[in-house]
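The next block is data18.csv, given as CSV, C-alpha atoms and all ligand atoms.
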```csv
chain,number,residue,atom,x,y,z
A,29,LYS,CA,-64.4,39.0,-79.1
A,30,PHE,CA,-61.6,39.4,-81.7
A,31,VAL,CA,-63.8,41.9,-83.5
A,32,GLU,CA,-63.6,44.3,-80.5
A,33,GLN,CA,-60.1,45.0,-81.7
A,34,ILE,CA,-61.3,46.5,-84.9
A,35,LYS,CA,-60.9,50.3,-85.2
A,36,ASN,CA,-63.6,52.4,-86.9
A,37,PRO,CA,-65.8,49.4,-87.6
A,38,VAL,CA,-68.4,49.4,-90.3
A,39,VAL,CA,-70.9,46.7,-89.6
A,40,ILE,CA,-72.9,45.0,-92.3
A,41,ASN,CA,-75.5,42.4,-91.4
A,42,TYR,CA,-75.3,39.3,-93.6
A,43,ASN,CA,-79.0,39.5,-94.3
A,44,SER,CA,-78.3,42.8,-96.2
A,45,ILE,CA,-75.7,41.2,-98.5
A,46,PRO,CA,-77.2,39.6,-101.6
A,47,HIS,CA,-76.9,35.8,-101.6
A,48,PHE,CA,-75.1,35.6,-98.3
A,49,PRO,CA,-76.4,32.8,-96.2
A,50,ILE,CA,-77.6,33.5,-92.6
A,51,SER,CA,-76.1,31.5,-89.8
A,52,THR,CA,-78.6,29.2,-88.1
A,53,VAL,CA,-76.4,28.5,-85.1
A,54,GLU,CA,-77.4,30.8,-82.3
A,55,HIS,CA,-74.0,31.4,-80.8
A,56,HIS,CA,-72.5,32.2,-84.3
A,57,LYS,CA,-73.4,35.8,-85.2
A,58,GLY,CA,-74.0,37.1,-88.7
A,59,LYS,CA,-72.0,40.3,-89.4
A,60,LEU,CA,-69.3,41.4,-91.8
A,61,ILE,CA,-67.2,44.0,-90.1
A,62,TYR,CA,-64.8,46.3,-91.9
A,63,GLY,CA,-62.1,48.4,-90.2
A,64,THR,CA,-58.5,48.4,-89.2
A,65,ILE,CA,-56.2,46.6,-86.8
A,66,LYS,CA,-52.6,47.8,-86.3
A,67,GLY,CA,-53.2,50.1,-89.3
A,68,LYS,CA,-54.1,47.2,-91.6
A,69,LYS,CA,-57.5,46.9,-93.3
A,70,ILE,CA,-59.6,44.1,-91.9
A,71,LEU,CA,-62.7,42.4,-93.1
A,72,ALA,CA,-64.0,40.1,-90.4
A,73,MET,CA,-66.8,37.6,-90.5
A,74,GLN,CA,-68.5,37.4,-87.2
A,75,GLY,CA,-70.2,34.1,-87.7
A,76,ARG,CA,-69.6,31.5,-90.4
A,77,PHE,CA,-71.5,28.8,-92.1
A,78,HIS,CA,-71.3,25.0,-91.7
A,79,TYR,CA,-72.2,22.2,-94.0
A,80,TYR,CA,-74.3,20.6,-91.2
A,81,GLU,CA,-76.6,23.6,-91.2
A,82,GLY,CA,-77.9,22.4,-94.6
A,83,TYR,CA,-76.1,24.9,-96.9
A,84,SER,CA,-74.3,23.8,-100.0
A,85,MET,CA,-70.5,23.9,-100.0
A,86,GLN,CA,-70.8,26.8,-102.5
A,87,GLN,CA,-72.9,28.8,-100.1
A,88,ILE,CA,-70.6,28.2,-97.2
A,89,THR,CA,-67.6,29.4,-99.2
A,90,LEU,CA,-69.3,32.3,-101.0
A,91,PRO,CA,-67.9,34.8,-98.4
A,92,VAL,CA,-64.4,33.7,-99.1
A,93,ARG,CA,-64.9,34.3,-102.8
A,94,VAL,CA,-66.5,37.7,-102.1
A,95,MET,CA,-63.6,38.8,-99.8
A,96,HIS,CA,-61.1,37.7,-102.4
A,97,VAL,CA,-62.8,39.8,-105.0
A,98,LEU,CA,-62.8,42.7,-102.6
A,99,GLY,CA,-59.0,42.3,-102.5
A,100,ILE,CA,-58.0,40.6,-99.2
A,101,LYS,CA,-54.4,39.4,-99.2
A,102,TYR,CA,-54.6,36.8,-96.4
A,103,LEU,CA,-57.4,34.6,-94.9
A,104,LEU,CA,-57.1,34.0,-91.2
A,105,ILE,CA,-59.4,31.3,-89.8
A,106,SER,CA,-60.3,30.1,-86.4
A,107,ASN,CA,-62.4,27.2,-85.1
A,108,ALA,CA,-63.3,25.1,-82.2
A,109,ALA,CA,-62.1,21.5,-82.4
A,110,GLY,CA,-62.0,18.2,-80.5
A,111,ASN,CA,-58.5,17.3,-79.2
A,112,LEU,CA,-57.4,13.9,-80.5
A,113,ASN,CA,-53.8,14.2,-79.4
A,114,LEU,CA,-53.5,12.9,-75.8
A,115,LYS,CA,-50.2,14.8,-75.3
A,116,TRP,CA,-52.2,18.0,-75.4
A,117,LYS,CA,-55.1,19.3,-73.2
A,118,LYS,CA,-58.4,21.1,-73.9
A,119,GLY,CA,-58.0,24.8,-73.7
A,120,GLU,CA,-54.8,24.7,-75.7
A,121,MET,CA,-54.6,25.9,-79.3
A,122,MET,CA,-53.4,24.1,-82.4
A,123,LEU,CA,-52.0,25.7,-85.5
A,124,ILE,CA,-53.2,23.8,-88.5
A,125,ASP,CA,-50.3,22.5,-90.4
A,126,ASP,CA,-52.2,20.2,-92.7
A,127,HIS,CA,-55.7,18.7,-93.0
A,128,ILE,CA,-57.6,15.5,-93.9
A,129,ASN,CA,-61.0,16.1,-95.6
A,130,LEU,CA,-63.6,13.6,-94.6
A,131,GLN,CA,-66.6,15.9,-95.5
A,132,PRO,CA,-68.9,14.3,-98.1
A,133,ASP,CA,-68.9,17.2,-100.5
A,134,ASN,CA,-66.5,19.7,-102.0
A,135,PRO,CA,-67.0,23.4,-102.8
A,136,LEU,CA,-65.0,23.0,-106.0
A,137,ARG,CA,-67.2,20.2,-107.4
A,138,GLY,CA,-69.0,21.2,-110.6
A,139,ALA,CA,-68.1,23.6,-113.3
A,140,ASN,CA,-64.7,25.3,-112.7
A,141,PHE,CA,-64.5,29.0,-113.0
A,142,GLU,CA,-61.1,29.6,-114.5
A,143,VAL,CA,-61.1,33.3,-113.4
A,144,PHE,CA,-60.8,32.0,-109.9
A,145,GLY,CA,-58.4,29.2,-110.3
A,146,PRO,CA,-57.5,25.8,-111.9
A,147,ARG,CA,-59.6,22.7,-112.2
A,148,PHE,CA,-57.2,20.7,-110.1
A,149,PRO,CA,-55.8,22.9,-107.4
A,150,ASP,CA,-52.5,22.0,-105.8
A,151,MET,CA,-52.7,21.2,-102.1
A,152,SER,CA,-49.0,20.8,-101.3
A,153,GLU,CA,-49.0,23.8,-99.0
A,154,PRO,CA,-52.7,24.3,-98.0
A,155,TYR,CA,-51.7,26.5,-95.0
A,156,SER,CA,-49.2,29.3,-95.8
A,157,LYS,CA,-45.7,28.5,-94.5
A,158,LYS,CA,-45.0,32.2,-94.2
A,159,LEU,CA,-48.0,32.8,-92.0
A,160,ASN,CA,-47.5,29.7,-89.9
A,161,ASN,CA,-43.8,30.4,-89.3
A,162,LEU,CA,-44.8,33.9,-88.2
A,163,LEU,CA,-47.4,32.6,-85.9
A,164,VAL,CA,-45.0,30.1,-84.3
A,165,LYS,CA,-42.5,33.0,-83.8
A,166,ILE,CA,-45.2,35.2,-82.2
A,167,ALA,CA,-46.4,32.5,-79.9
A,168,LYS,CA,-42.9,31.9,-78.7
A,169,GLU,CA,-42.3,35.6,-78.0
A,170,LYS,CA,-45.6,35.9,-76.2
A,171,LYS,CA,-45.1,32.6,-74.3
A,172,VAL,CA,-48.4,31.2,-75.6
A,173,LYS,CA,-48.5,27.5,-76.1
A,174,LEU,CA,-49.3,26.8,-79.8
A,175,ASN,CA,-49.3,23.1,-80.8
A,176,LYS,CA,-49.0,22.3,-84.5
A,177,GLY,CA,-50.9,19.5,-86.1
A,178,VAL,CA,-53.4,17.9,-88.5
A,179,TYR,CA,-57.1,18.9,-88.6
A,180,VAL,CA,-59.6,16.4,-89.8
A,181,ALA,CA,-62.9,17.8,-91.1
A,182,VAL,CA,-66.1,15.8,-90.6
A,183,MET,CA,-69.7,16.7,-91.6
A,184,GLY,CA,-71.3,16.7,-88.1
A,185,PRO,CA,-73.5,17.8,-86.5
A,186,ASN,CA,-73.1,14.9,-84.1
A,187,LEU,CA,-69.9,14.6,-82.2
A,188,GLU,CA,-67.9,11.4,-82.8
A,189,THR,CA,-68.2,7.9,-81.2
A,190,ARG,CA,-65.3,6.4,-79.3
A,191,ALA,CA,-64.5,4.2,-82.3
A,192,GLU,CA,-64.6,7.2,-84.6
A,193,TYR,CA,-62.2,9.2,-82.4
A,194,ARG,CA,-59.8,6.2,-82.4
A,195,PHE,CA,-60.1,5.9,-86.2
A,196,LEU,CA,-59.5,9.7,-86.7
A,197,ASN,CA,-56.4,9.6,-84.5
A,198,ARG,CA,-55.0,6.5,-86.3
A,199,ILE,CA,-55.3,8.0,-89.7
A,200,GLY,CA,-53.1,10.9,-88.5
A,201,ALA,CA,-55.4,13.7,-87.1
A,202,ASP,CA,-54.6,15.7,-84.0
A,203,ALA,CA,-57.9,17.7,-84.0
A,204,VAL,CA,-61.4,17.1,-85.4
A,205,GLY,CA,-64.0,19.7,-86.3
A,206,MET,CA,-66.9,20.5,-88.6
A,207,SER,CA,-65.6,23.6,-90.5
A,208,THR,CA,-62.6,25.3,-92.1
A,209,VAL,CA,-61.6,22.8,-94.8
A,210,PRO,CA,-64.2,24.1,-97.3
A,211,GLU,CA,-62.9,27.7,-96.9
A,212,VAL,CA,-59.3,26.5,-97.1
A,213,LEU,CA,-60.1,24.6,-100.4
A,214,VAL,CA,-61.6,27.7,-101.9
A,215,ALA,CA,-58.8,29.9,-100.7
A,216,ASN,CA,-56.2,27.5,-102.2
A,217,HIS,CA,-58.2,27.4,-105.5
A,218,MET,CA,-57.8,31.2,-105.7
A,219,GLY,CA,-54.1,31.3,-104.6
A,220,LEU,CA,-55.2,33.1,-101.4
A,221,PRO,CA,-52.7,32.4,-98.6
A,222,CYS,CA,-54.4,31.3,-95.4
A,223,CYS,CA,-53.8,30.0,-91.9
A,224,ALA,CA,-56.0,28.5,-89.3
A,225,ILE,CA,-55.9,28.0,-85.5
A,226,SER,CA,-58.1,25.5,-83.7
A,227,VAL,CA,-59.1,26.0,-80.1
A,228,LEU,CA,-59.1,22.5,-78.6
A,229,THR,CA,-62.4,22.6,-76.7
A,230,ASP,CA,-62.8,19.0,-75.5
A,231,ASP,CA,-60.5,16.0,-75.1
A,232,CYS,CA,-61.4,13.1,-77.3
A,233,ASP,CA,-59.8,10.1,-75.6
A,234,PRO,CA,-61.6,7.0,-76.8
A,235,ASP,CA,-60.7,5.0,-73.7
A,236,ASN,CA,-61.9,7.7,-71.3
A,237,LEU,CA,-64.6,9.6,-73.1
A,238,LYS,CA,-67.0,11.9,-71.2
A,239,PRO,CA,-70.1,13.4,-72.6
A,240,ALA,CA,-69.3,16.6,-74.4
A,241,LEU,CA,-71.6,19.5,-73.4
A,242,LEU,CA,-72.0,22.3,-75.8
A,243,SER,CA,-72.0,24.8,-72.9
A,244,GLU,CA,-68.5,23.4,-71.8
A,245,ILE,CA,-67.2,23.6,-75.4
A,246,VAL,CA,-68.3,27.2,-75.7
A,247,ALA,CA,-66.9,28.0,-72.2
A,248,VAL,CA,-63.5,26.6,-73.1
A,249,ALA,CA,-63.5,28.4,-76.4
A,250,SER,CA,-64.4,31.7,-74.7
A,251,LYS,CA,-61.6,31.2,-72.1
A,252,THR,CA,-59.0,30.6,-74.8
A,253,GLU,CA,-60.2,33.4,-77.1
A,254,PRO,CA,-58.0,36.2,-75.7
A,255,ARG,CA,-54.8,34.2,-76.5
A,256,LEU,CA,-56.1,33.5,-80.1
A,257,THR,CA,-56.9,37.2,-80.5
A,258,GLU,CA,-53.5,38.2,-79.2
A,259,LEU,CA,-51.8,35.9,-81.8
A,260,TYR,CA,-53.9,37.1,-84.7
A,261,VAL,CA,-53.7,40.8,-83.8
A,262,GLU,CA,-49.9,40.5,-83.7
A,263,LEU,CA,-49.9,38.5,-87.0
A,264,ILE,CA,-51.9,41.2,-88.7
A,265,GLY,CA,-49.5,43.8,-87.5
A,266,ARG,CA,-46.6,41.9,-89.0
A,267,VAL,CA,-47.8,40.7,-92.4
A,301,LIG,N1,-65.8,16.8,-82.8
A,301,LIG,C1,-66.1,17.5,-83.8
A,301,LIG,N2,-66.2,18.9,-83.8
A,301,LIG,C2,-65.9,19.4,-82.6
A,301,LIG,C3,-65.5,18.7,-81.5
A,301,LIG,C4,-65.5,17.3,-81.6
A,301,LIG,O1,-65.1,16.6,-80.6
A,301,LIG,N3,-65.3,19.6,-80.5
A,301,LIG,C5,-65.5,20.8,-81.0
A,301,LIG,N4,-65.9,20.7,-82.3
```
What do you get writing this file as structure tokens?
Amino acid sequence: KFVEQIKNPVVINYNSIPHFPISTVEHHKGKLIYGTIKGKKILAMQGRFHYYEGYSMQQITLPVRVMHVLGIKYLLISNAAGNLNLKWKKGEMMLIDDHINLQPDNPLRGANFEVFGPRFPDMSEPYSKKLNNLLVKIAKEKKVKLNKGVYVAVMGPNLETRAEYRFLNRIGADAVGMSTVPEVLVANHMGLPCCAISVLTDDCDPDNLKPALLSEIVAVASKTEPRLTELYVELIGRV
């Protein structure tokens, strides 16, 4: 519902944009929305693409390249993720401080286009310190709980086994999901500052694992969404 905050929206269906993929996941919509929030120009993707849908990494990240060429200054990302940190609970949010990429492909593989960025992009600050510090400050002011941690990206589409959750936690991840990292890699390649917030939709405790229902994941995401919107609307006002 974040997009409901956009003033004077101009809505463009993905299927009318040349070369844009079309989302195959029903609950992910397919619209690019242009307008303003707090007086700032916004380009929002309602619906994004995942590697598990069968697209190439280049297809998934094409929108980020396009938005960069259109002149965006910041990339704000959100996702739903499994909670691997037992100190936290589902329904809470996690600001992504860093990530581990376990996806089997990379959008930067192949010929490098120097006009976009270097062959070997630096990843010492994948998520903008400036944006993250602002988000922590805003969350404190608004008394919204915002955990900070490491996101691990997997291919999906299956959720993980107990042994996999145990492994992912041991290698240093606090949340697991099937998106975001390809977009962040491409953003970093182009020097585009980005930030990402995970909504922790299900608890991934290997010793006490319950079947994860998509309906529950979507319900938890929807319930948390107003708090995420609040943080991002405020962030947009302040950058
Ligand atoms: N694993 C991977 N992706 C997810 C999960 C999960 O447990 N929950 C929401 N997205």
Within 6 Å of region 225-229 of chain A, counting only C-alpha atoms, which residues qualify if same-chain residues fewer than 5 places away don't, as a PyMOL selection string? chain A and resi 106-111+118-124+245+248-249
Need the shell around Ile100 (chain A): protein/DNA/RNA residues with any atom at most 9 Å away, counting all atoms listed in the file. Skip same-chain ones fewer than 3 positions apart. Format as a list of chain:residue names? A:Lys69, A:Ile70, A:Leu71, A:Met95, A:His96, A:Val97, A:Leu103, A:Leu220
May I have the residues within 9 Å of ligand LIG 301 (chain A), computed using all atoms listed in the file, as a ChimeraX atom specification? /A:107-112,180-188,193,203-207,227-232,240,242,245-246
Pick out the residues sitting within 8 Å of region 128-144 of chain A, and hand them over as a PyMOL selection string; count only C-alpha atoms, and ignore anything fewer than 5 positions along from it in its own chain. chain A and resi 84-86+89+178-183+201+209-210+213-214+217-218
When you count all atoms listed in the file, which of these residues is closest to Cys223 (chain A): A:Lys115, A:Lys238, A:Lys173, A:Lys101?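 Looking only at the distances to Cys223 (chain A), the closest residue turns out to be A:Lys101.
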